[in-house]
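K.L.:
My file is model_12.cif. It has mmCIF, C-alpha atoms:
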```cif
data_work
#
loop_
_atom_site.label_atom_id
_atom_site.label_comp_id
_atom_site.auth_asym_id
_atom_site.auth_seq_id
_atom_site.Cartn_x
_atom_site.Cartn_y
_atom_site.Cartn_z
CA MET A 1 -36.43 96.06 -47.59
CA ALA A 2 -32.97 96.10 -49.19
CA PRO A 3 -32.31 98.64 -51.95
CA VAL A 4 -32.02 97.53 -55.57
CA VAL A 5 -28.48 97.78 -56.96
CA LEU A 6 -27.65 97.50 -60.66
CA THR A 7 -24.22 96.04 -61.47
CA LEU A 8 -22.43 94.71 -64.51
CA ALA A 9 -23.21 91.02 -64.91
CA GLU A 10 -20.58 88.31 -64.86
CA ALA A 11 -20.72 84.83 -66.39
CA GLY A 12 -21.88 83.41 -63.04
CA ASP A 13 -25.01 85.61 -63.21
CA ALA A 14 -26.28 83.99 -66.43
CA ALA A 15 -28.63 81.47 -64.79
CA ALA A 16 -30.27 84.11 -62.59
CA ILE A 17 -30.65 86.51 -65.55
CA ALA A 18 -32.19 83.77 -67.69
CA GLU A 19 -34.59 82.98 -64.84
CA VAL A 20 -35.74 86.62 -64.59
CA ARG A 21 -36.16 87.02 -68.36
CA ASN A 22 -37.98 83.70 -68.75
CA ALA A 23 -40.31 84.39 -65.81
CA ALA A 24 -41.21 87.77 -67.33
CA ALA A 25 -41.84 86.16 -70.74
CA THR A 26 -44.02 83.47 -69.16
CA GLN A 27 -46.03 86.06 -67.25
CA LEU A 28 -46.64 88.09 -70.43
CA THR A 29 -47.65 84.96 -72.31
CA ASP A 30 -50.01 83.89 -69.53
CA THR A 31 -51.59 87.35 -69.49
CA TYR A 32 -51.67 88.23 -73.21
CA GLY A 33 -51.29 84.90 -75.01
CA ASN A 34 -48.52 83.89 -77.38
CA GLY A 35 -46.68 86.68 -79.14
CA PHE A 36 -43.24 88.01 -79.91
CA TRP A 37 -42.68 88.28 -76.13
CA THR A 38 -43.15 84.51 -75.65
CA SER A 39 -39.60 83.44 -76.50
CA THR A 40 -37.29 82.29 -73.75
CA VAL A 41 -33.54 82.49 -73.34
CA SER A 42 -31.05 79.88 -72.22
CA GLU A 43 -28.25 80.34 -69.73
CA ARG A 44 -25.83 79.84 -72.61
CA GLY A 45 -27.61 82.58 -74.59
CA VAL A 46 -27.22 84.97 -71.67
CA GLN A 47 -23.53 84.08 -71.39
CA THR A 48 -23.12 85.00 -75.06
CA SER A 49 -24.89 88.31 -74.42
CA ILE A 50 -22.57 89.03 -71.48
CA ARG A 51 -19.59 88.63 -73.83
CA GLN A 52 -21.10 90.82 -76.58
CA ALA A 53 -22.80 93.67 -74.69
CA ARG A 54 -22.94 95.24 -71.27
CA VAL A 55 -25.49 93.13 -69.46
CA PHE A 56 -26.58 94.37 -66.06
CA VAL A 57 -28.26 92.56 -63.22
CA ALA A 58 -30.30 94.27 -60.51
CA ARG A 59 -30.14 92.71 -57.10
CA ARG A 60 -32.19 93.20 -53.98
CA GLY A 61 -29.96 91.70 -51.34
CA ALA A 62 -28.63 88.44 -52.77
CA ARG A 63 -31.55 87.93 -55.18
CA SER A 64 -31.43 88.91 -58.86
CA VAL A 65 -34.70 90.75 -59.54
CA ALA A 66 -34.18 92.48 -62.90
CA THR A 67 -31.88 92.81 -65.87
CA LEU A 68 -31.17 94.94 -68.91
CA SER A 69 -28.50 95.20 -71.58
CA MET A 70 -26.82 98.23 -73.12
CA GLN A 71 -24.75 98.25 -76.26
CA THR A 72 -23.41 100.59 -78.91
CA ARG A 73 -24.25 98.19 -81.75
CA LYS A 74 -27.67 98.88 -83.26
CA PRO A 75 -30.19 96.05 -82.72
CA TRP A 76 -31.76 94.51 -85.82
CA ALA A 77 -35.21 96.08 -85.34
CA ILE A 78 -34.06 99.68 -84.88
CA ASP A 79 -34.70 101.99 -87.85
CA LEU A 80 -32.38 104.96 -87.39
CA SER A 81 -34.56 107.29 -89.48
CA TYR A 82 -36.90 107.75 -86.49
CA PHE A 83 -34.28 108.94 -84.03
CA THR A 84 -32.58 112.26 -83.32
CA PRO A 85 -29.17 112.26 -85.02
CA CYS A 86 -26.32 111.93 -82.53
CA GLU A 87 -22.75 110.66 -82.47
CA ARG A 88 -22.82 108.20 -79.57
CA PRO A 89 -26.15 106.44 -79.01
CA VAL A 90 -26.51 103.39 -76.81
CA TYR A 91 -29.29 100.85 -77.18
CA LEU A 92 -31.19 99.43 -74.24
CA THR A 93 -32.43 95.87 -74.79
CA ASN A 94 -33.65 92.82 -72.91
CA MET A 95 -35.07 94.64 -69.91
CA ALA A 96 -37.04 92.41 -67.57
CA VAL A 97 -38.24 92.55 -63.98
CA ALA A 98 -39.18 89.39 -62.09
CA PRO A 99 -43.01 89.21 -62.05
CA ASP A 100 -43.33 88.83 -58.27
CA VAL A 101 -41.54 92.16 -57.68
CA GLN A 102 -43.08 94.21 -60.48
CA ARG A 103 -44.88 97.45 -59.59
CA GLN A 104 -42.44 98.12 -56.74
CA GLY A 105 -40.34 100.76 -58.52
CA ILE A 106 -37.58 98.38 -59.59
CA GLY A 107 -38.04 99.09 -63.30
CA ARG A 108 -37.82 102.85 -62.77
CA THR A 109 -34.79 102.38 -60.49
CA ILE A 110 -32.85 100.44 -63.12
CA ILE A 111 -33.84 102.90 -65.87
CA GLU A 112 -32.45 105.73 -63.73
CA ALA A 113 -29.27 103.70 -63.21
CA ALA A 114 -29.05 103.01 -66.97
CA ILE A 115 -29.30 106.75 -67.68
CA ALA A 116 -26.45 107.41 -65.24
CA ILE A 117 -24.39 104.66 -66.89
CA ALA A 118 -25.07 106.14 -70.35
CA ARG A 119 -23.98 109.60 -69.17
CA ALA A 120 -20.70 108.13 -67.90
CA TRP A 121 -20.22 105.93 -71.02
CA PRO A 122 -20.30 108.71 -72.53
CA ALA A 123 -23.39 108.50 -74.71
CA ASP A 124 -25.59 111.13 -76.34
CA ALA A 125 -28.83 109.15 -76.22
CA ILE A 126 -30.48 105.94 -75.12
CA ARG A 127 -32.60 104.30 -77.80
CA LEU A 128 -34.94 101.35 -77.54
CA ASP A 129 -37.93 99.64 -79.02
CA ALA A 130 -40.99 98.13 -77.37
CA TYR A 131 -43.77 95.95 -78.72
CA ASP A 132 -46.76 97.96 -79.93
CA ALA A 133 -49.23 95.62 -78.23
CA ASP A 134 -50.92 95.22 -74.87
CA ALA A 135 -47.88 93.23 -73.75
CA GLY A 136 -45.54 96.06 -74.76
CA ALA A 137 -43.81 98.35 -72.28
CA GLY A 138 -44.36 101.62 -74.15
CA GLY A 139 -46.42 103.19 -71.37
CA PHE A 140 -43.70 102.34 -68.86
CA TYR A 141 -41.01 104.04 -70.93
CA LEU A 142 -43.18 107.15 -71.35
CA ARG A 143 -43.73 107.32 -67.58
CA CYS A 144 -39.94 107.09 -67.13
CA GLY A 145 -39.46 110.16 -69.33
CA PHE A 146 -38.56 108.59 -72.67
CA ARG A 147 -39.94 110.28 -75.78
CA GLU A 148 -41.75 108.20 -78.37
CA VAL A 149 -40.22 108.94 -81.77
CA GLY A 150 -42.09 106.56 -84.05
CA LYS A 151 -43.96 103.38 -84.79
CA ARG A 152 -43.34 100.80 -87.45
CA VAL A 153 -43.83 97.17 -88.32
CA TYR A 154 -40.46 95.53 -88.72
CA ARG A 155 -40.39 91.93 -90.01
CA ARG A 156 -44.07 91.54 -88.97
CA VAL A 157 -43.28 92.87 -85.46
CA PRO A 158 -45.24 96.04 -84.53
CA LEU A 159 -42.83 98.29 -82.64
CA ARG A 160 -42.72 101.66 -80.92
CA TYR A 161 -39.40 103.50 -80.79
CA PHE A 162 -38.30 105.59 -77.79
CA GLU A 163 -35.30 107.74 -76.96
CA TRP A 164 -33.81 109.62 -74.04
CA MET A 165 -31.43 112.39 -75.03
CA ILE A 166 -28.53 112.82 -72.60
#
```
Kindly return the structure encoded in the file as structure tokens.
P.N.:
Amino acid sequence: MAPVVLTLAEAGDAAAIAEVRNAAATQLTDTYGNGFWTSTVSERGVQTSIRQARVFVARRGARSVATLSMQTRKPWAIDLSYFTPCERPVYLTNMAVAPDVQRQGIGRTIIEAAIAIARAWPADAIRLDAYDADAGAGGFYLRCGFREVGKRVYRRVPLRYFEWMI
């Protein structure tokens, strides 16, 4: 089996990234019902993200199997009061792994790659939020070594906050 390689996405990757994110959202909705995770993204929306943040695509051979974004701009749902003060945080968002290749170590592989990218950025910490629900990925982030720093409901969305100090 080919290794998974995480690279910076280009505009031509937008359709494949949208496919991965939408498949993951559909799988969560099918498993847990409608929720905040149910929304889908368009190819055009991904292209906008590629222009505004560092969007990465993970490939196994020629196939796009996962994605995540990293940015220095704080996402709307992040409450800074929960996090360790630092000068150069980066925020991990929009992580998704194609449902048919989940539980094969791809998520952990791209998290490890994201940590290496953050170290080289240079960043002091990686911050993120996850849904505080059965469909949330909090347990995954804990298993990857992130520390939970708080919980809060933000605009009716129950969230758990996590960080990885570099």
K.L.:
For the interface of region 109-150 of chain A with region 32-40 of chain A (cut-off 10 Å, counting only C-alpha atoms), please tabulate each contacting residue of region 109-150 of chain A alongside its nearest pair of atoms and their separation in Å to one decimal, rows sorted by chain and increasing number, as CSV.
P.N.:
```
residue,atom,partner,partner_atom,distance
A:Tyr131,CA,A:Phe36,CA,8.0
A:Ala133,CA,A:Tyr32,CA,9.3
A:Asp134,CA,A:Tyr32,CA,7.2
A:Ala135,CA,A:Tyr32,CA,6.3
A:Gly136,CA,A:Trp37,CA,8.4
```
K.L.:
For a cut-off of 12 Å around (-43.5, 98.2, -72.6), file coordinates, pick out all residues using only C-alpha atoms and list them as an MDAnalysis selection string.
P.N.:
chainID A and resid 24 28 37 93:97 107 128:144 146 148 159:162
K.L.:
Looking at A:Asp13, A:Asp79, A:Glu163, A:Asp124, which one is nearest to Ala58 (chain A), with distances taken over all atoms listed in the file?
P.N.:
A:Asp13
K.L.:
Have a look at A:Ile166, A:Val57, A:Pro158, A:Ala77 and name the one nearest to Ala116 (chain A); count only C-alpha atoms.
P.N.:
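Answer, going by the shortest atom-to-atom distance: A:Ile166.
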K.L.:
Please write out, as JSON, where the centre of an axis-aligned box around all listed atoms of region 38-55 of chain A lies and how long its edges are, in Å to one decimal, after adding 3 Å on each side.
P.N.:
```
{"center_x": -31.4, "center_y": 87.5, "center_z": -73.0, "size_x": 29.6, "size_y": 21.4, "size_z": 13.1}
```
K.L.:
State, in Å with one decimal place, the distance from CA of Lys74 (chain A) to CA of Ala118 (chain A).
P.N.:
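Separating CA of Lys74 (chain A) from CA of Ala118 (chain A) is a distance of 15.0 Å.
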K.L.:
Find the distance between CA of Asp100 (chain A) and CA of Arg51 (chain A) and write it in Å to one decimal.
P.N.:
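We find that CA of Asp100 (chain A) and CA of Arg51 (chain A) lie 28.4 Å from each other.
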K.L.:
Evaluate the PyMOL selection byres ((chain A and resi 127) around 7) on the structure here and hand back the selected residues as a list in words.
P.N.:
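With the PyMOL selection byres ((chain A and resi 127) around 7) on this model, the match is Pro89, Val90, Tyr91, Leu92, Ala125, Ile126, Leu128, Phe162, Glu163 and Trp164 of chain A.
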K.L.:
Between A:Met165, A:Ala25, A:Arg63, A:Ile78, which residue has the minimum interatomic distance to Val101 (chain A), considering all atoms listed in the file?
P.N.:
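Among the listed residues, A:Arg63 lies closest to Val101 (chain A).
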K.L.:
Written as a VMD selection string, which residues does the PyMOL selection byres ((chain A and resi 8) around 8) give for the file shown?
P.N.:
chain A and resid 6 to 7 9 to 10 54 to 57
K.L.:
Could you tell me how far CA of Ala14 (chain A) sits from CA of Gln52 (chain A), in Å to one decimal place?
P.N.:
13.3 Å
K.L.:
Measuring atom to atom with all atoms listed in the file, identify which of A:Ala11, A:Thr84, A:Val65, A:Thr72 is nearest to Thr48 (chain A).
P.N.:
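Closest residue, counting all atoms listed in the file: A:Ala11.
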K.L.:
Rank A:Ile111, A:Thr31, A:Tyr82, A:Glu43 by their smallest atom-to-atom distance to Leu68 (chain A), using only C-alpha atoms, and report the top residue only.
P.N.:
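Selected residue with least distance to Leu68 (chain A): A:Ile111.
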K.L.:
Name the closest residue to Pro75 (chain A) among the candidates A:Val4, A:Ala53, A:Ala16, A:Ile110; distances are taken between atoms, counting only C-alpha atoms.
P.N.:
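Nearest to Pro75 (chain A): A:Ala53.
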K.L.:
Show me that you can extract region 7-160 of chain A, keeping C-alpha atoms, and write it as a PDB file, in the first residue's frame.
P.N.:
```pdb
ATOM      1  CA  THR A   7       1.177  18.434   0.546  1.00  0.00           C
ATOM      2  CA  LEU A   8       0.011  21.997   0.147  1.00  0.00           C
ATOM      3  CA  ALA A   9      -3.145  22.053  -1.961  1.00  0.00           C
ATOM      4  CA  GLU A  10      -3.429  23.874  -5.255  1.00  0.00           C
ATOM      5  CA  ALA A  11      -6.560  25.190  -6.975  1.00  0.00           C
ATOM      6  CA  GLY A  12      -6.767  21.973  -9.028  1.00  0.00           C
ATOM      7  CA  ASP A  13      -7.179  19.964  -5.799  1.00  0.00           C
ATOM      8  CA  ALA A  14     -10.417  21.725  -4.807  1.00  0.00           C
ATOM      9  CA  ALA A  15     -12.823  19.130  -6.254  1.00  0.00           C
ATOM     10  CA  ALA A  16     -11.029  16.226  -4.571  1.00  0.00           C
ATOM     11  CA  ILE A  17     -10.877  18.089  -1.237  1.00  0.00           C
ATOM     12  CA  ALA A  18     -14.585  18.928  -1.432  1.00  0.00           C
ATOM     13  CA  GLU A  19     -15.309  15.264  -2.184  1.00  0.00           C
ATOM     14  CA  VAL A  20     -13.387  14.097   0.915  1.00  0.00           C
ATOM     15  CA  ARG A  21     -14.986  16.688   3.213  1.00  0.00           C
ATOM     16  CA  ASN A  22     -18.493  16.044   1.886  1.00  0.00           C
ATOM     17  CA  ALA A  23     -18.119  12.257   2.142  1.00  0.00           C
ATOM     18  CA  ALA A  24     -16.989  12.623   5.770  1.00  0.00           C
ATOM     19  CA  ALA A  25     -19.938  14.938   6.544  1.00  0.00           C
ATOM     20  CA  THR A  26     -22.377  12.516   4.920  1.00  0.00           C
ATOM     21  CA  GLN A  27     -20.959   9.588   6.883  1.00  0.00           C
ATOM     22  CA  LEU A  28     -21.297  11.505  10.175  1.00  0.00           C
ATOM     23  CA  THR A  29     -24.852  12.507   9.301  1.00  0.00           C
ATOM     24  CA  ASP A  30     -25.773   8.935   8.366  1.00  0.00           C
ATOM     25  CA  THR A  31     -24.307   7.676  11.646  1.00  0.00           C
ATOM     26  CA  TYR A  32     -25.362  10.413  14.094  1.00  0.00           C
ATOM     27  CA  GLY A  33     -28.197  12.256  12.349  1.00  0.00           C
ATOM     28  CA  ASN A  34     -28.278  15.910  11.373  1.00  0.00           C
ATOM     29  CA  GLY A  35     -26.041  18.249  13.329  1.00  0.00           C
ATOM     30  CA  PHE A  36     -23.446  20.946  12.948  1.00  0.00           C
ATOM     31  CA  TRP A  37     -21.300  18.393  11.065  1.00  0.00           C
ATOM     32  CA  THR A  38     -23.954  17.974   8.334  1.00  0.00           C
ATOM     33  CA  SER A  39     -22.962  20.966   6.206  1.00  0.00           C
ATOM     34  CA  THR A  40     -21.211  20.413   2.907  1.00  0.00           C
ATOM     35  CA  VAL A  41     -18.692  22.478   1.001  1.00  0.00           C
ATOM     36  CA  SER A  42     -18.533  23.387  -2.666  1.00  0.00           C
ATOM     37  CA  GLU A  43     -15.499  23.239  -4.912  1.00  0.00           C
ATOM     38  CA  ARG A  44     -15.656  27.025  -5.099  1.00  0.00           C
ATOM     39  CA  GLY A  45     -15.683  27.223  -1.280  1.00  0.00           C
ATOM     40  CA  VAL A  46     -12.557  25.078  -1.132  1.00  0.00           C
ATOM     41  CA  GLN A  47     -10.875  27.273  -3.746  1.00  0.00           C
ATOM     42  CA  THR A  48     -11.589  30.294  -1.532  1.00  0.00           C
ATOM     43  CA  SER A  49     -10.082  28.450   1.440  1.00  0.00           C
ATOM     44  CA  ILE A  50      -6.962  27.634  -0.588  1.00  0.00           C
ATOM     45  CA  ARG A  51      -6.499  31.363  -1.239  1.00  0.00           C
ATOM     46  CA  GLN A  52      -7.071  32.363   2.414  1.00  0.00           C
ATOM     47  CA  ALA A  53      -5.294  29.633   4.424  1.00  0.00           C
ATOM     48  CA  ARG A  54      -2.834  26.823   4.005  1.00  0.00           C
ATOM     49  CA  VAL A  55      -4.996  23.940   2.876  1.00  0.00           C
ATOM     50  CA  PHE A  56      -3.325  20.558   2.690  1.00  0.00           C
ATOM     51  CA  VAL A  57      -4.331  17.428   0.865  1.00  0.00           C
ATOM     52  CA  ALA A  58      -3.191  13.939   1.817  1.00  0.00           C
ATOM     53  CA  ARG A  59      -2.701  11.526  -1.018  1.00  0.00           C
ATOM     54  CA  ARG A  60      -2.216   7.794  -1.135  1.00  0.00           C
ATOM     55  CA  GLY A  61      -0.803   7.295  -4.580  1.00  0.00           C
ATOM     56  CA  ALA A  62      -2.869   9.455  -6.930  1.00  0.00           C
ATOM     57  CA  ARG A  63      -5.976   9.467  -4.703  1.00  0.00           C
ATOM     58  CA  SER A  64      -6.818  12.308  -2.298  1.00  0.00           C
ATOM     59  CA  VAL A  65      -7.773  10.619   0.983  1.00  0.00           C
ATOM     60  CA  ALA A  66      -7.726  13.403   3.584  1.00  0.00           C
ATOM     61  CA  THR A  67      -7.429  17.128   4.103  1.00  0.00           C
ATOM     62  CA  LEU A  68      -6.858  19.773   6.746  1.00  0.00           C
ATOM     63  CA  SER A  69      -6.267  23.504   6.880  1.00  0.00           C
ATOM     64  CA  MET A  70      -3.872  25.558   8.980  1.00  0.00           C
ATOM     65  CA  GLN A  71      -3.981  29.286   9.464  1.00  0.00           C
ATOM     66  CA  THR A  72      -2.736  32.015  11.764  1.00  0.00           C
ATOM     67  CA  ARG A  73      -6.095  33.816  11.790  1.00  0.00           C
ATOM     68  CA  LYS A  74      -8.290  32.741  14.712  1.00  0.00           C
ATOM     69  CA  PRO A  75     -11.472  30.904  13.646  1.00  0.00           C
ATOM     70  CA  TRP A  76     -14.788  32.376  14.783  1.00  0.00           C
ATOM     71  CA  ALA A  77     -15.534  29.703  17.410  1.00  0.00           C
ATOM     72  CA  ILE A  78     -12.191  29.840  19.231  1.00  0.00           C
ATOM     73  CA  ASP A  79     -12.267  31.552  22.639  1.00  0.00           C
ATOM     74  CA  LEU A  80      -8.669  32.485  23.428  1.00  0.00           C
ATOM     75  CA  SER A  81      -9.256  32.544  27.190  1.00  0.00           C
ATOM     76  CA  TYR A  82      -9.033  28.729  27.266  1.00  0.00           C
ATOM     77  CA  PHE A  83      -5.609  28.437  25.652  1.00  0.00           C
ATOM     78  CA  THR A  84      -2.036  28.756  26.881  1.00  0.00           C
ATOM     79  CA  PRO A  85      -0.760  32.235  26.002  1.00  0.00           C
ATOM     80  CA  CYS A  86       1.759  32.175  23.158  1.00  0.00           C
ATOM     81  CA  GLU A  87       3.016  34.494  20.437  1.00  0.00           C
ATOM     82  CA  ARG A  88       2.537  32.390  17.302  1.00  0.00           C
ATOM     83  CA  PRO A  89      -0.387  29.954  17.414  1.00  0.00           C
ATOM     84  CA  VAL A  90      -1.739  28.241  14.325  1.00  0.00           C
ATOM     85  CA  TYR A  91      -5.268  26.915  14.039  1.00  0.00           C
ATOM     86  CA  LEU A  92      -6.096  23.543  12.556  1.00  0.00           C
ATOM     87  CA  THR A  93      -9.497  23.411  10.847  1.00  0.00           C
ATOM     88  CA  ASN A  94     -11.495  21.392   8.343  1.00  0.00           C
ATOM     89  CA  MET A  95      -9.788  18.069   8.935  1.00  0.00           C
ATOM     90  CA  ALA A  96     -11.469  15.161   7.180  1.00  0.00           C
ATOM     91  CA  VAL A  97     -10.525  11.635   6.167  1.00  0.00           C
ATOM     92  CA  ALA A  98     -12.440   9.794   3.438  1.00  0.00           C
ATOM     93  CA  PRO A  99     -14.790   7.333   5.192  1.00  0.00           C
ATOM     94  CA  ASP A 100     -13.607   4.255   3.269  1.00  0.00           C
ATOM     95  CA  VAL A 101     -10.021   4.717   4.520  1.00  0.00           C
ATOM     96  CA  GLN A 102     -10.731   5.748   8.105  1.00  0.00           C
ATOM     97  CA  ARG A 103      -9.185   3.702  10.927  1.00  0.00           C
ATOM     98  CA  GLN A 104      -6.067   3.033   8.845  1.00  0.00           C
ATOM     99  CA  GLY A 105      -3.787   5.565  10.562  1.00  0.00           C
ATOM    100  CA  ILE A 106      -4.256   8.304   7.977  1.00  0.00           C
ATOM    101  CA  GLY A 107      -5.648  10.806  10.489  1.00  0.00           C
ATOM    102  CA  ARG A 108      -2.711  10.290  12.854  1.00  0.00           C
ATOM    103  CA  THR A 109      -0.272  10.508   9.925  1.00  0.00           C
ATOM    104  CA  ILE A 110      -1.590  13.891   8.805  1.00  0.00           C
ATOM    105  CA  ILE A 111      -1.674  15.201  12.392  1.00  0.00           C
ATOM    106  CA  GLU A 112       2.004  14.267  12.739  1.00  0.00           C
ATOM    107  CA  ALA A 113       2.710  16.032   9.437  1.00  0.00           C
ATOM    108  CA  ALA A 114       0.747  19.100  10.618  1.00  0.00           C
ATOM    109  CA  ILE A 115       2.858  19.240  13.798  1.00  0.00           C
ATOM    110  CA  ALA A 116       6.031  19.142  11.696  1.00  0.00           C
ATOM    111  CA  ILE A 117       4.647  21.911   9.471  1.00  0.00           C
ATOM    112  CA  ALA A 118       3.775  24.028  12.529  1.00  0.00           C
ATOM    113  CA  ARG A 119       7.295  23.593  13.939  1.00  0.00           C
ATOM    114  CA  ALA A 120       8.762  24.813  10.642  1.00  0.00           C
ATOM    115  CA  TRP A 121       6.190  27.648  10.289  1.00  0.00           C
ATOM    116  CA  PRO A 122       7.400  28.576  13.065  1.00  0.00           C
ATOM    117  CA  ALA A 123       4.501  28.289  15.490  1.00  0.00           C
ATOM    118  CA  ASP A 124       4.307  27.956  19.263  1.00  0.00           C
ATOM    119  CA  ALA A 125       1.099  25.918  19.380  1.00  0.00           C
ATOM    120  CA  ILE A 126      -1.596  24.235  17.341  1.00  0.00           C
ATOM    121  CA  ARG A 127      -5.120  25.049  18.487  1.00  0.00           C
ATOM    122  CA  LEU A 128      -8.403  23.546  17.375  1.00  0.00           C
ATOM    123  CA  ASP A 129     -11.971  22.882  18.333  1.00  0.00           C
ATOM    124  CA  ALA A 130     -14.094  19.762  17.960  1.00  0.00           C
ATOM    125  CA  TYR A 131     -17.803  19.169  18.407  1.00  0.00           C
ATOM    126  CA  ASP A 132     -18.701  18.048  21.921  1.00  0.00           C
ATOM    127  CA  ALA A 133     -21.025  15.331  20.639  1.00  0.00           C
ATOM    128  CA  ASP A 134     -20.846  11.693  19.587  1.00  0.00           C
ATOM    129  CA  ALA A 135     -19.941  12.916  16.099  1.00  0.00           C
ATOM    130  CA  GLY A 136     -17.061  14.999  17.476  1.00  0.00           C
ATOM    131  CA  ALA A 137     -13.406  14.050  17.095  1.00  0.00           C
ATOM    132  CA  GLY A 138     -12.297  14.911  20.639  1.00  0.00           C
ATOM    133  CA  GLY A 139     -11.238  11.365  21.467  1.00  0.00           C
ATOM    134  CA  PHE A 140      -9.137  11.227  18.308  1.00  0.00           C
ATOM    135  CA  TYR A 141      -7.279  14.422  19.194  1.00  0.00           C
ATOM    136  CA  LEU A 142      -6.610  13.153  22.729  1.00  0.00           C
ATOM    137  CA  ARG A 143      -5.191   9.901  21.321  1.00  0.00           C
ATOM    138  CA  CYS A 144      -2.929  11.989  19.062  1.00  0.00           C
ATOM    139  CA  GLY A 145      -1.489  13.786  22.104  1.00  0.00           C
ATOM    140  CA  PHE A 146      -3.481  17.023  22.106  1.00  0.00           C
ATOM    141  CA  ARG A 147      -4.472  18.406  25.499  1.00  0.00           C
ATOM    142  CA  GLU A 148      -8.072  19.381  26.127  1.00  0.00           C
ATOM    143  CA  VAL A 149      -8.134  22.910  27.524  1.00  0.00           C
ATOM    144  CA  GLY A 150     -11.837  23.618  27.811  1.00  0.00           C
ATOM    145  CA  LYS A 151     -15.440  23.205  26.783  1.00  0.00           C
ATOM    146  CA  ARG A 152     -17.983  25.814  25.874  1.00  0.00           C
ATOM    147  CA  VAL A 153     -21.137  26.402  23.899  1.00  0.00           C
ATOM    148  CA  TYR A 154     -20.451  28.980  21.224  1.00  0.00           C
ATOM    149  CA  ARG A 155     -23.437  30.248  19.195  1.00  0.00           C
ATOM    150  CA  ARG A 156     -25.413  27.131  20.238  1.00  0.00           C
ATOM    151  CA  VAL A 157     -22.530  24.849  19.142  1.00  0.00           C
ATOM    152  CA  PRO A 158     -21.108  22.675  21.969  1.00  0.00           C
ATOM    153  CA  LEU A 159     -17.333  22.622  21.504  1.00  0.00           C
ATOM    154  CA  ARG A 160     -14.219  21.148  23.075  1.00  0.00           C
TER     155      ARG A 160
END
```
